[in-house]
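Participant: One file is attached below, query_0.txt, containing compact mmCIF, C-alpha atoms.
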# COMPACT_ATOMS: atom_id res chain seq x y z
CA GLY X 1 80.59 130.51 34.66
CA THR X 2 77.07 131.86 35.12
CA HIS X 3 73.83 130.28 34.03
CA SER X 4 71.79 133.46 34.13
CA SER X 5 71.37 133.62 30.36
CA LEU X 6 70.50 129.94 30.27
CA VAL X 7 67.48 130.17 32.56
CA GLN X 8 66.35 133.73 31.81
CA PRO X 9 66.41 135.18 35.36
CA GLU X 10 64.63 138.33 34.25
CA THR X 11 61.54 136.28 33.41
CA LEU X 12 61.82 134.34 36.63
CA GLU X 13 62.22 137.52 38.67
CA LEU X 14 58.99 138.95 37.27
CA ARG X 15 57.21 135.73 38.25
CA LEU X 16 58.73 135.86 41.73
CA ILE X 17 57.65 139.46 42.29
CA ARG X 18 54.09 138.48 41.42
CA LEU X 19 54.23 135.38 43.60
CA GLN X 20 55.34 137.44 46.61
CA ALA X 21 51.91 139.06 46.54
CA ASN X 22 50.19 135.66 46.48
CA PRO X 23 48.73 134.90 49.94
CA VAL X 24 47.88 131.27 49.15
CA ILE X 25 51.10 129.85 50.62
CA ASP X 26 53.15 132.03 52.98
CA GLU X 27 56.32 130.08 52.29
CA ILE X 28 56.33 131.22 48.66
CA SER X 29 57.41 134.70 49.71
CA LEU X 30 60.38 133.38 51.69
CA ALA X 31 61.38 130.93 48.97
CA ALA X 32 61.12 133.70 46.37
CA GLN X 33 63.48 135.86 48.42
CA CYS X 34 65.94 132.94 48.62
CA VAL X 35 65.95 132.46 44.84
CA LYS X 36 66.35 136.19 44.23
CA ARG X 37 69.24 136.26 46.70
CA LEU X 38 70.87 133.39 44.82
CA MET X 39 70.53 135.34 41.59
CA ASP X 40 72.76 137.96 43.19
CA LEU X 41 75.42 135.38 44.13
CA ILE X 42 76.33 134.20 40.64
CA ASN X 43 80.06 134.03 41.37
CA GLU X 44 79.83 131.72 44.39
CA VAL X 45 81.38 128.27 43.96
CA ASP X 46 78.27 126.08 44.16
CA TYR X 47 75.83 128.61 42.77
CA SER X 48 74.27 126.48 40.03
CA LYS X 49 73.50 123.52 42.30
CA ALA X 50 71.89 125.67 44.99
CA TYR X 51 70.04 127.61 42.31
CA CYS X 52 68.70 124.38 40.78
CA CYS X 53 67.48 123.17 44.19
CA CYS X 54 65.64 126.46 44.77
CA LEU X 55 64.05 126.31 41.32
CA ILE X 56 62.69 122.83 42.09
CA ARG X 57 61.42 124.06 45.46
CA MET X 58 59.73 127.04 43.83
CA GLY X 59 58.12 124.75 41.28
CA ARG X 60 56.67 122.60 44.07
CA LEU X 61 55.38 125.63 45.95
CA THR X 62 53.72 127.22 42.93
CA GLU X 63 52.17 123.86 42.01
CA LEU X 64 50.72 123.58 45.52
CA ALA X 65 49.32 127.08 45.12
CA GLY X 66 47.54 125.93 41.96
CA SER X 67 49.69 128.00 39.60
CA TYR X 68 50.62 125.27 37.15
CA ALA X 69 51.95 127.62 34.45
CA ASP X 70 54.45 129.10 36.90
CA ALA X 71 55.43 125.65 38.16
CA ILE X 72 56.25 124.53 34.60
CA LEU X 73 58.53 127.56 34.20
CA PHE X 74 60.50 126.71 37.34
CA PHE X 75 60.79 122.97 36.60
CA ASN X 76 61.92 123.68 33.03
CA ALA X 77 64.55 126.11 34.33
CA ALA X 78 65.74 123.50 36.85
CA LEU X 79 66.02 120.90 34.08
CA GLU X 80 68.15 123.24 31.98
CA VAL X 81 70.55 123.98 34.84
CA ALA X 82 70.78 120.34 35.97
CA GLU X 83 71.42 119.03 32.47
CA TYR X 84 73.90 121.81 31.64
CA ALA X 85 75.91 121.32 34.85
CA GLY X 86 75.69 117.50 34.87
CA TYR X 87 73.77 117.19 38.14
CA TRP X 88 72.22 113.81 37.40
CA LYS X 89 70.31 113.41 40.67
CA LEU X 90 68.75 116.87 40.41
CA ASN X 91 68.01 116.16 36.75
CA ALA X 92 66.09 113.02 37.74
CA ILE X 93 64.20 114.90 40.46
CA ALA X 94 63.25 117.75 38.10
CA LEU X 95 62.10 115.19 35.50
CA MET X 96 59.90 113.47 38.10
CA GLU X 97 58.38 116.77 39.23
CA SER X 98 57.72 117.79 35.62
CA GLY X 99 56.14 114.40 34.96
CA GLU X 100 53.84 114.58 37.97
CA LEU X 101 52.72 118.07 36.97
CA ALA X 102 52.10 116.90 33.40
CA ARG X 103 49.98 114.04 34.77
CA LYS X 104 47.90 116.43 36.87
CA GLN X 105 47.33 118.53 33.76
CA GLY X 106 46.26 115.44 31.82
CA ARG X 107 49.32 115.43 29.51
CA LEU X 108 49.80 111.71 30.01
CA ASP X 109 52.17 111.08 27.08
CA ALA X 110 54.51 113.80 28.35
CA ALA X 111 54.18 112.50 31.91
CA GLU X 112 55.14 109.00 30.76
CA ALA X 113 58.17 110.31 28.86
CA TYR X 114 59.44 112.36 31.82
CA GLN X 115 59.16 109.45 34.27
CA LYS X 116 60.84 106.99 31.88
CA LEU X 117 63.79 109.39 31.51
CA ALA X 118 64.02 109.67 35.30
CA ILE X 119 63.97 105.86 35.64
CA GLU X 120 66.73 105.59 33.02
CA ILE X 121 68.91 108.07 34.95
CA GLY X 122 68.13 106.30 38.23
CA LYS X 123 69.16 102.91 36.89
CA ASN X 124 72.25 104.17 35.04
CA GLN X 125 73.52 106.17 38.03
CA ASP X 126 72.42 103.67 40.74
CA PHE X 127 70.08 106.22 42.30
CA ASN X 128 67.75 103.64 43.87
CA ARG X 129 65.59 106.18 45.68
CA GLU X 130 64.97 108.27 42.58
CA CYS X 131 64.39 105.12 40.50
CA ALA X 132 61.81 103.83 42.99
CA ASP X 133 60.05 107.22 43.05
CA ALA X 134 59.90 107.39 39.27
CA LEU X 135 58.58 103.82 39.02
CA ASN X 136 55.76 104.76 41.40
CA ASN X 137 55.06 107.94 39.44
CA LEU X 138 54.98 106.04 36.14
CA ALA X 139 52.50 103.64 37.74
CA ASN X 140 50.27 106.67 38.44
CA VAL X 141 50.35 107.49 34.73
CA MET X 142 49.53 103.90 33.77
CA ILE X 143 46.58 103.93 36.19
CA GLU X 144 45.10 106.98 34.49
CA MET X 145 45.71 105.42 31.07
CA GLY X 146 43.84 102.32 32.28
CA ASN X 147 46.87 100.03 31.95
CA LEU X 148 46.37 98.49 35.39
CA GLU X 149 48.44 95.34 34.87
CA HIS X 150 51.52 97.39 33.96
CA ALA X 151 50.80 99.78 36.84
CA GLU X 152 50.73 96.88 39.31
CA GLN X 153 54.05 95.55 37.96
CA LEU X 154 55.66 98.98 38.36
CA LEU X 155 54.30 99.38 41.89
CA ASN X 156 55.64 95.98 42.98
CA GLU X 157 59.06 96.83 41.51
CA SER X 158 59.03 100.16 43.33
CA LEU X 159 57.89 98.52 46.58
CA THR X 160 60.81 96.06 46.48
CA LEU X 161 63.26 98.97 46.28
CA ALA X 162 61.41 101.01 48.92
CA GLU X 163 61.36 98.14 51.42
CA HIS X 164 65.06 97.44 50.83
CA MET X 165 65.86 101.11 51.57
CA ASN X 166 63.33 101.33 54.43
CA GLU X 167 61.69 104.30 52.67
CA THR X 168 58.51 104.56 54.74
CA ARG X 169 57.13 107.60 52.93
CA LEU X 170 57.45 105.94 49.53
CA GLU X 171 55.88 102.73 50.87
CA GLY X 172 52.86 104.82 51.85
CA HIS X 173 52.61 106.17 48.30
CA ILE X 174 52.84 102.69 46.81
CA TYR X 175 50.20 101.10 49.07
CA ASN X 176 47.90 104.04 48.30
CA ASN X 177 48.35 103.53 44.56
CA LEU X 178 47.78 99.78 44.84
CA GLY X 179 44.48 100.68 46.53
CA VAL X 180 43.58 102.89 43.58
CA VAL X 181 44.22 99.96 41.21
CA PHE X 182 41.81 97.78 43.23
CA CYS X 183 39.23 100.61 43.27
CA ILE X 184 39.22 100.89 39.48
CA ARG X 185 38.78 97.12 39.25
CA GLY X 186 35.80 97.36 41.58
CA SER X 187 37.50 95.42 44.40
CA PHE X 188 36.68 98.01 47.04
CA ASN X 189 37.33 95.90 50.15
CA SER X 190 40.80 95.02 48.84
CA ALA X 191 41.32 98.71 48.04
CA ILE X 192 40.40 99.69 51.61
CA SER X 193 42.91 97.15 52.95
CA GLU X 194 45.69 98.76 50.88
CA PHE X 195 44.65 102.28 51.94
CA MET X 196 44.72 101.15 55.58
CA ARG X 197 48.27 99.86 55.03
CA ALA X 198 49.20 103.25 53.59
CA LEU X 199 47.87 105.33 56.51
CA PRO X 200 50.41 104.32 59.20
CA LYS X 201 53.29 104.64 56.71
CA ARG X 202 52.19 108.16 55.85
CA ASP X 203 51.67 109.02 59.49
CA GLN X 204 55.11 107.69 60.51
CA SER X 205 56.79 109.74 57.77
CA ASN X 206 54.80 112.92 58.61
CA ASP X 207 53.41 112.89 55.07
CA GLU X 208 50.35 115.04 55.73
CA LEU X 209 49.59 115.62 52.05
CA GLY X 210 49.76 111.85 51.55
CA LEU X 211 47.37 111.36 54.47
CA ALA X 212 44.90 113.74 52.81
CA GLU X 213 45.17 111.74 49.57
CA THR X 214 44.55 108.40 51.30
CA TYR X 215 41.67 109.78 53.40
CA HIS X 216 40.15 110.98 50.12
CA ASN X 217 40.61 107.58 48.48
CA LEU X 218 39.02 105.85 51.49
CA GLY X 219 36.07 108.20 51.09
CA LEU X 220 35.74 107.20 47.43
CA ALA X 221 35.99 103.48 48.23
CA TYR X 222 33.35 103.63 50.97
CA MET X 223 31.11 105.71 48.69
CA ASP X 224 31.29 103.01 46.02
CA LEU X 225 30.43 100.41 48.69
CA GLY X 226 27.34 102.45 49.61
CA ASN X 227 28.60 103.31 53.11
CA TYR X 228 27.94 107.04 52.77
CA THR X 229 28.39 107.85 56.46
CA ARG X 230 31.92 106.41 56.55
CA ALA X 231 32.61 107.95 53.14
CA MET X 232 31.70 111.44 54.35
CA GLN X 233 33.81 111.00 57.50
CA TYR X 234 36.95 110.27 55.49
CA THR X 235 36.11 112.92 52.90
CA GLU X 236 35.78 115.58 55.61
CA LYS X 237 39.15 114.49 57.11
CA ALA X 238 40.73 114.80 53.66
CA LEU X 239 39.18 118.23 53.12
CA GLU X 240 40.29 119.51 56.52
CA THR X 241 43.87 118.35 55.89
CA ALA X 242 44.03 119.77 52.36
CA GLN X 243 42.71 123.13 53.55
CA ARG X 244 45.14 123.26 56.47
CA LEU X 245 48.02 122.52 54.10
CA LYS X 246 46.64 125.13 51.65
CA ASN X 247 46.79 122.59 48.82
CA HIS X 248 44.30 124.11 46.42
CA SER X 249 44.39 121.29 43.85
CA GLN X 250 43.75 118.54 46.42
CA GLU X 251 41.03 120.64 48.04
CA LEU X 252 39.13 120.94 44.75
CA ASN X 253 39.34 117.20 44.08
CA VAL X 254 38.06 116.37 47.57
CA MET X 255 35.26 118.93 47.18
CA THR X 256 34.16 117.07 44.03
CA THR X 257 33.82 113.84 46.05
CA ARG X 258 31.98 115.72 48.81
CA THR X 259 29.60 117.10 46.17
CA GLU X 260 28.99 113.58 44.83
CA LEU X 261 28.07 112.43 48.33
CA ILE X 262 25.60 115.33 48.55
CA TYR X 263 24.18 114.15 45.20
CA MET X 264 23.91 110.61 46.58
CA ALA X 265 21.89 112.04 49.49
CA ASP X 266 19.42 113.41 46.89
CA ASP X 267 20.14 117.09 47.59
CA LEU X 268 20.34 117.68 43.85
CA ASP X 269 19.93 121.47 43.81
CA TYR X 270 22.78 122.08 46.25
CA ALA X 271 24.93 119.44 44.55
CA LEU X 272 24.40 121.10 41.17
CA THR X 273 25.35 124.53 42.52
CA MET X 274 28.52 123.07 44.03
CA ALA X 275 29.42 121.18 40.83
CA GLU X 276 29.05 124.31 38.72
CA GLN X 277 31.26 126.32 41.09
CA LEU X 278 33.90 123.57 41.15
CA ALA X 279 33.92 123.34 37.35
CA LEU X 280 34.75 127.05 37.15
CA LYS X 281 37.55 126.70 39.69
CA GLN X 282 39.04 123.63 37.99
CA ASP X 283 38.99 125.52 34.70
CA GLN X 284 40.83 128.46 36.29
CA VAL X 285 43.48 126.16 37.77
CA GLY X 286 43.94 124.29 34.49
CA ASP X 287 43.30 120.85 36.01
CA ARG X 288 41.74 119.12 33.01
CA PRO X 289 41.31 115.69 34.68
CA GLY X 290 39.62 117.41 37.63
CA MET X 291 37.48 119.40 35.20
CA ALA X 292 36.40 116.19 33.43
CA GLU X 293 35.53 114.49 36.74
CA VAL X 294 33.36 117.34 38.01
CA THR X 295 31.72 117.76 34.57
CA THR X 296 30.78 114.06 34.63
CA LEU X 297 29.31 114.57 38.09
CA LYS X 298 27.39 117.60 36.84
CA GLY X 299 25.92 115.42 34.07
CA LYS X 300 24.82 112.78 36.61
CA ILE X 301 23.11 115.43 38.74
CA LEU X 302 21.33 116.96 35.75
CA LEU X 303 20.19 113.48 34.72
CA GLY X 304 18.83 112.96 38.22
CA LYS X 305 16.91 116.24 37.94
CA GLY X 306 15.40 115.13 34.62
CA LEU X 307 17.25 117.81 32.60
CA ILE X 308 18.21 115.33 29.91
CA GLU X 309 19.54 117.67 27.20
CA LYS X 310 21.78 119.52 29.65
CA ALA X 311 22.94 116.24 31.16
CA GLU X 312 23.81 114.89 27.70
CA ASN X 313 25.80 118.02 26.83
CA SER X 314 27.71 117.90 30.10
CA LEU X 315 28.55 114.21 29.73
CA LYS X 316 29.64 114.68 26.11
CA HIS X 317 31.92 117.52 27.22
CA ALA X 318 33.42 115.33 29.96
CA LEU X 319 33.85 112.43 27.52
CA ASN X 320 35.68 114.68 25.04
CA ILE X 321 38.12 115.76 27.76
CA PHE X 322 38.71 112.19 28.96
CA GLU X 323 39.27 111.01 25.37
CA SER X 324 41.73 113.83 24.66
CA LEU X 325 43.62 112.91 27.84
CA GLY X 326 43.56 109.17 27.16
CA MET X 327 41.94 108.46 30.55
CA ILE X 328 40.11 105.14 30.18
CA PRO X 329 38.37 104.94 33.62
CA GLY X 330 36.77 108.35 33.12
CA GLN X 331 35.64 107.46 29.60
CA ALA X 332 33.95 104.27 30.80
CA ASP X 333 31.96 106.12 33.47
CA ALA X 334 30.94 109.02 31.22
CA LEU X 335 29.79 106.63 28.47
CA LYS X 336 27.65 104.69 30.94
CA PHE X 337 25.70 107.78 32.00
CA LEU X 338 25.57 109.12 28.46
CA GLY X 339 23.88 105.85 27.49
CA LEU X 340 21.31 106.38 30.27
CA CYS X 341 20.62 109.86 28.86
CA LEU X 342 19.94 108.40 25.43
CA ILE X 343 17.55 105.85 26.95
CA LYS X 344 15.65 108.71 28.59
CA LYS X 345 15.53 110.47 25.20
CA GLY X 346 13.98 107.35 23.64
CA ILE X 347 16.95 106.46 21.42
CA PRO X 348 17.63 102.83 22.46
CA ASP X 349 19.73 101.85 19.42
CA LYS X 350 22.22 104.66 19.96
CA ALA X 351 22.15 104.02 23.71
CA ARG X 352 23.04 100.37 23.10
CA ASP X 353 26.11 101.34 21.05
CA ILE X 354 27.28 103.79 23.70
CA LEU X 355 26.72 101.33 26.54
CA GLN X 356 28.52 98.59 24.63
CA LYS X 357 31.59 100.86 24.41
CA SER X 358 31.34 101.50 28.14
CA LYS X 359 31.15 97.77 28.82
CA GLU X 360 34.23 97.12 26.66
CA LEU X 361 36.22 99.73 28.57
CA PHE X 362 35.16 98.35 31.96
CA THR X 363 36.17 94.90 30.69
CA SER X 364 39.62 96.25 29.73
CA LEU X 365 39.94 97.66 33.26
CA GLY X 366 39.14 94.27 34.80
CA ASN X 367 35.98 95.51 36.55
CA PRO X 368 33.43 92.65 36.30
CA ASP X 369 30.85 94.32 38.57
CA GLU X 370 30.55 97.42 36.39
CA CYS X 371 30.50 95.22 33.28
CA ALA X 372 27.55 93.31 34.77
CA ARG X 373 25.70 96.54 35.64
CA VAL X 374 26.13 97.96 32.15
CA ASP X 375 25.21 94.62 30.57
CA SER X 376 22.02 94.54 32.67
CA ILE X 377 21.06 97.95 31.26
CA ILE X 378 21.75 96.73 27.72
CA GLN X 379 19.68 93.59 28.23
CA GLY X 380 16.75 95.72 29.38
CA LEU X 381 16.67 97.69 26.11
CA PRO X 382 14.00 96.84 23.51
CA LEU X 383 15.14 94.72 20.60
CA ASN X 384 15.31 96.19 17.10
Would you mind writing the structure in this file as structure tokens?

Facilitator:
Amino acid sequence: GTHSSLVQPETLELRLIRLQANPVIDEISLAAQCVKRLMDLINEVDYSKAYCCCLIRMGRLTELAGSYADAILFFNAALEVAEYAGYWKLNAIALMESGELARKQGRLDAAEAYQKLAIEIGKNQDFNRECADALNNLANVMIEMGNLEHAEQLLNESLTLAEHMNETRLEGHIYNNLGVVFCIRGSFNSAISEFMRALPKRDQSNDELGLAETYHNLGLAYMDLGNYTRAMQYTEKALETAQRLKNHSQELNVMTTRTELIYMADDLDYALTMAEQLALKQDQVGDRPGMAEVTTLKGKILLGKGLIEKAENSLKHALNIFESLGMIPGQADALKFLGLCLIKKGIPDKARDILQKSKELFTSLGNPDECARVDSIIQGLPLN
């Protein structure tokens, strides 16, 4: 039988026609032609399986191009076909892709649900590779939720499976994510060690996008250590790789870090211009976590320029986004700088309350250094 009514090919075809005119990724045009050709081969024996694979591929391509709404359409269509036809492995893959996209959009509850379903399929069907992937992806979600202990448990479980299967690419992902856990805890030297373990794995598996991600994370870690020269070197390598791969989402995130390094170098005017441009682009893409990060940075820059009211508004906006997404690390950072704004405004009592919340969140993340910094600010406030 056909599945054309199930996945609404007319809607998909309109999307594909539009995507063929999109110059962001050349491969989209070819992939679109493949899917359209498959639509014409409904009566072939293995049509639905091939069709499902192409839908997943199209979802990945449109996600890389920064068209998240289109990617959701393709992944949802793939899920319908896979579930309808009983293709459990493709179902798990489509669930993982949907979950990763939901995470990038900041829909963490949905991301968690997708990955847990994929893990369930993986375990029930003995799909060790898919199970290990989904465990790693779920760890990503837990990291953004601030549940670092659970994230570490998931990563170790995934690593055991990956090592048993000799899955070098996945090992690179896991070591990278373990580094992120250490970064959030403020253990930057340990984080760098994990990122350095990830690099050769990603190089051996020709995972160029993964290399860009780890270069970016190394840039962040060195920035937090105050080694701005090394931080900029890795950030530039990440940016060059993301641009060569035409990964718009990764490019914007790296540009935010590059802008923060410019801010650290005290070029506040240029940094502010860049932050404002990046905020517009993140809004267009629909990357709410990225939007919150760059809006926090904008608030820091405005605070540095002495524009306290604007800084406060920017940081409140970022905090609202982080709270709506359930992203604890971002909340802790935004609250810290919002407290500094209130000190500048001469409202120490309110600043103390805000900073106390920041300290509590940093404590929950297991970051004693940030807790000490925030506590030092609190101790310096005048008593009632």

Participant: For a quick check of understanding, using all atoms listed in the file, which of X:Asp133, X:Asp224, X:Glu97, X:Glu144 has the smallest distance to Leu159 in chain X?

Facilitator: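 So, comparing all the options, the nearest one is X:Asp133.
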
Participant: Between CA of Leu90 in chain X and CA of Ala111 in chain X, what is the distance, to one decimal in Å?

Facilitator: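 Going from CA of Leu90 in chain X over to CA of Ala111 in chain X, I get 17.4 Å.
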
Participant: Which polymer residues have any atom within 9 Å of an atom of Glu208 in chain X, counting all atoms listed in the file, with same-chain residues fewer than 4 positions away left out, as a list in words?

Facilitator: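 Counting all atoms listed in the file, the residues come to Arg202, Asp203, Ala212, Glu213, Thr241, Ala242 and Leu245 of chain X.
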
Participant: Please list as a tab-separated table (two decimals) with C-alpha atoms, keeping the file's coordinate frame every residue within 9 Å of range 250-259 of chain X, counting only C-alpha atoms and excluding residues in the same chain fewer than 6 positions away.

Facilitator:
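Everything below was put into part_12.tsv:
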chain	number	residue	atom	x	y	z
X	64	LEU	CA	50.72	123.58	45.52
X	209	LEU	CA	49.59	115.62	52.05
X	212	ALA	CA	44.90	113.74	52.81
X	213	GLU	CA	45.17	111.74	49.57
X	216	HIS	CA	40.15	110.98	50.12
X	219	GLY	CA	36.07	108.20	51.09
X	220	LEU	CA	35.74	107.20	47.43
X	223	MET	CA	31.11	105.71	48.69
X	231	ALA	CA	32.61	107.95	53.14
X	232	MET	CA	31.70	111.44	54.35
X	235	THR	CA	36.11	112.92	52.90
X	236	GLU	CA	35.78	115.58	55.61
X	238	ALA	CA	40.73	114.80	53.66
X	239	LEU	CA	39.18	118.23	53.12
X	240	GLU	CA	40.29	119.51	56.52
X	241	THR	CA	43.87	118.35	55.89
X	242	ALA	CA	44.03	119.77	52.36
X	243	GLN	CA	42.71	123.13	53.55
X	270	TYR	CA	22.78	122.08	46.25
X	271	ALA	CA	24.93	119.44	44.55
X	272	LEU	CA	24.40	121.10	41.17
X	274	MET	CA	28.52	123.07	44.03
X	275	ALA	CA	29.42	121.18	40.83
X	278	LEU	CA	33.90	123.57	41.15
X	281	LYS	CA	37.55	126.70	39.69
X	282	GLN	CA	39.04	123.63	37.99
X	290	GLY	CA	39.62	117.41	37.63
X	293	GLU	CA	35.53	114.49	36.74
X	294	VAL	CA	33.36	117.34	38.01
X	297	LEU	CA	29.31	114.57	38.09

Participant: Mind running range 175-242 of chain X against range 357-380 of chain X at 12 Å and telling me each contacting residue's nearest atom pair with the distance in Å (one decimal), counting all atoms listed in the file, chain and number ascending, as a tab-separated table?

Facilitator:
residue	atom	partner	partner_atom	distance
X:Val181	CA	X:Leu365	CA	9.3
X:Phe182	CA	X:Asn367	CA	9.2
X:Cys183	CA	X:Asn367	CA	9.0
X:Ile184	CA	X:Asn367	CA	6.9
X:Arg185	CA	X:Asn367	CA	4.2
X:Gly186	CA	X:Asn367	CA	5.4
X:Ser187	CA	X:Asn367	CA	8.0
X:Phe188	CA	X:Asn367	CA	10.8
X:Asp224	CA	X:Glu370	CA	11.2
X:Leu225	CA	X:Asp369	CA	11.8

Participant: Write out as a ChimeraX atom specification each polymer residue whose atoms come within 10 Å of Glu152 in chain X, counting all atoms listed in the file; drop sequence neighbours fewer than 4 positions from it.

Facilitator: /X:136,139-140,142-143,147-148,156-158,174,177-178,181-182

Participant: Rounded to one decimal in Å, what is the spacing between CA of Pro348 in chain X and CA of Lys300 in chain X?

Facilitator: 18.7 Å

Participant: Compile the contact shell of Arg60 in chain X as a VMD selection string: residues with an atom at most 10 Å away, counting only C-alpha atoms, same-chain residues fewer than 5 positions apart removed.

Facilitator: chain X and resid 28 54 to 55 65 to 68 70 to 72 74 to 75 97 to 98 101

Participant: Could you turn the residues from that selection into a file that holds C-alpha atoms, as a JSON list (two decimals), in the coordinates of the input?

Facilitator:
[["chain", "number", "residue", "atom", "x", "y", "z"],
["X", 28, "ILE", "CA", 56.33, 131.22, 48.66],
["X", 54, "CYS", "CA", 65.64, 126.46, 44.77],
["X", 55, "LEU", "CA", 64.05, 126.31, 41.32],
["X", 65, "ALA", "CA", 49.32, 127.08, 45.12],
["X", 66, "GLY", "CA", 47.54, 125.93, 41.96],
["X", 67, "SER", "CA", 49.69, 128.00, 39.60],
["X", 68, "TYR", "CA", 50.62, 125.27, 37.15],
["X", 70, "ASP", "CA", 54.45, 129.10, 36.90],
["X", 71, "ALA", "CA", 55.43, 125.65, 38.16],
["X", 72, "ILE", "CA", 56.25, 124.53, 34.60],
["X", 74, "PHE", "CA", 60.50, 126.71, 37.34],
["X", 75, "PHE", "CA", 60.79, 122.97, 36.60],
["X", 97, "GLU", "CA", 58.38, 116.77, 39.23],
["X", 98, "SER", "CA", 57.72, 117.79, 35.62],
["X", 101, "LEU", "CA", 52.72, 118.07, 36.97]]

Participant: Every residue with an atom at most 9 Å from (30.1, 117.2, 35.3) (file coordinates; all atoms listed in the file) is what I'm after, so could you write them as a PyMOL selection string?

Facilitator: chain X and resi 275-276+279+291-302+311+314-315+317-318

Participant: Once you add 4 Å to each side, what are the centre and edge lengths of the axis-aligned box holding all listed atoms of range 228-242 of chain X? One decimal in Å, as AutoDock Vina command-line options, if you can.

Facilitator:
--center_x 36.0 --center_y 113.1 --center_z 54.9 --size_x 24.1 --size_y 21.4 --size_z 13.1

Participant: One number please: CA of Trp88 in chain X to CA of Gln125 in chain X, in Å, one decimal.

Facilitator: 7.8 Å

Participant: List as a ChimeraX atom specification the protein and nucleic acid residues near Glu112 in chain X, meaning an atom at most 9 Å away when all atoms listed in the file are counted, but skip any in the same chain fewer than 2 places from it.

Facilitator: /X:99,102-103,107-110,114-117,137-138,141-142

Participant: Include C-alpha atoms and write out the residues we just selected as a compact mmCIF listing (two decimals), in the coordinates of the input.

Facilitator:
# COMPACT_ATOMS: atom_id res chain seq x y z
CA GLY X 99 56.14 114.40 34.96
CA ALA X 102 52.10 116.90 33.40
CA ARG X 103 49.98 114.04 34.77
CA ARG X 107 49.32 115.43 29.51
CA LEU X 108 49.80 111.71 30.01
CA ASP X 109 52.17 111.08 27.08
CA ALA X 110 54.51 113.80 28.35
CA TYR X 114 59.44 112.36 31.82
CA GLN X 115 59.16 109.45 34.27
CA LYS X 116 60.84 106.99 31.88
CA LEU X 117 63.79 109.39 31.51
CA ASN X 137 55.06 107.94 39.44
CA LEU X 138 54.98 106.04 36.14
CA VAL X 141 50.35 107.49 34.73
CA MET X 142 49.53 103.90 33.77
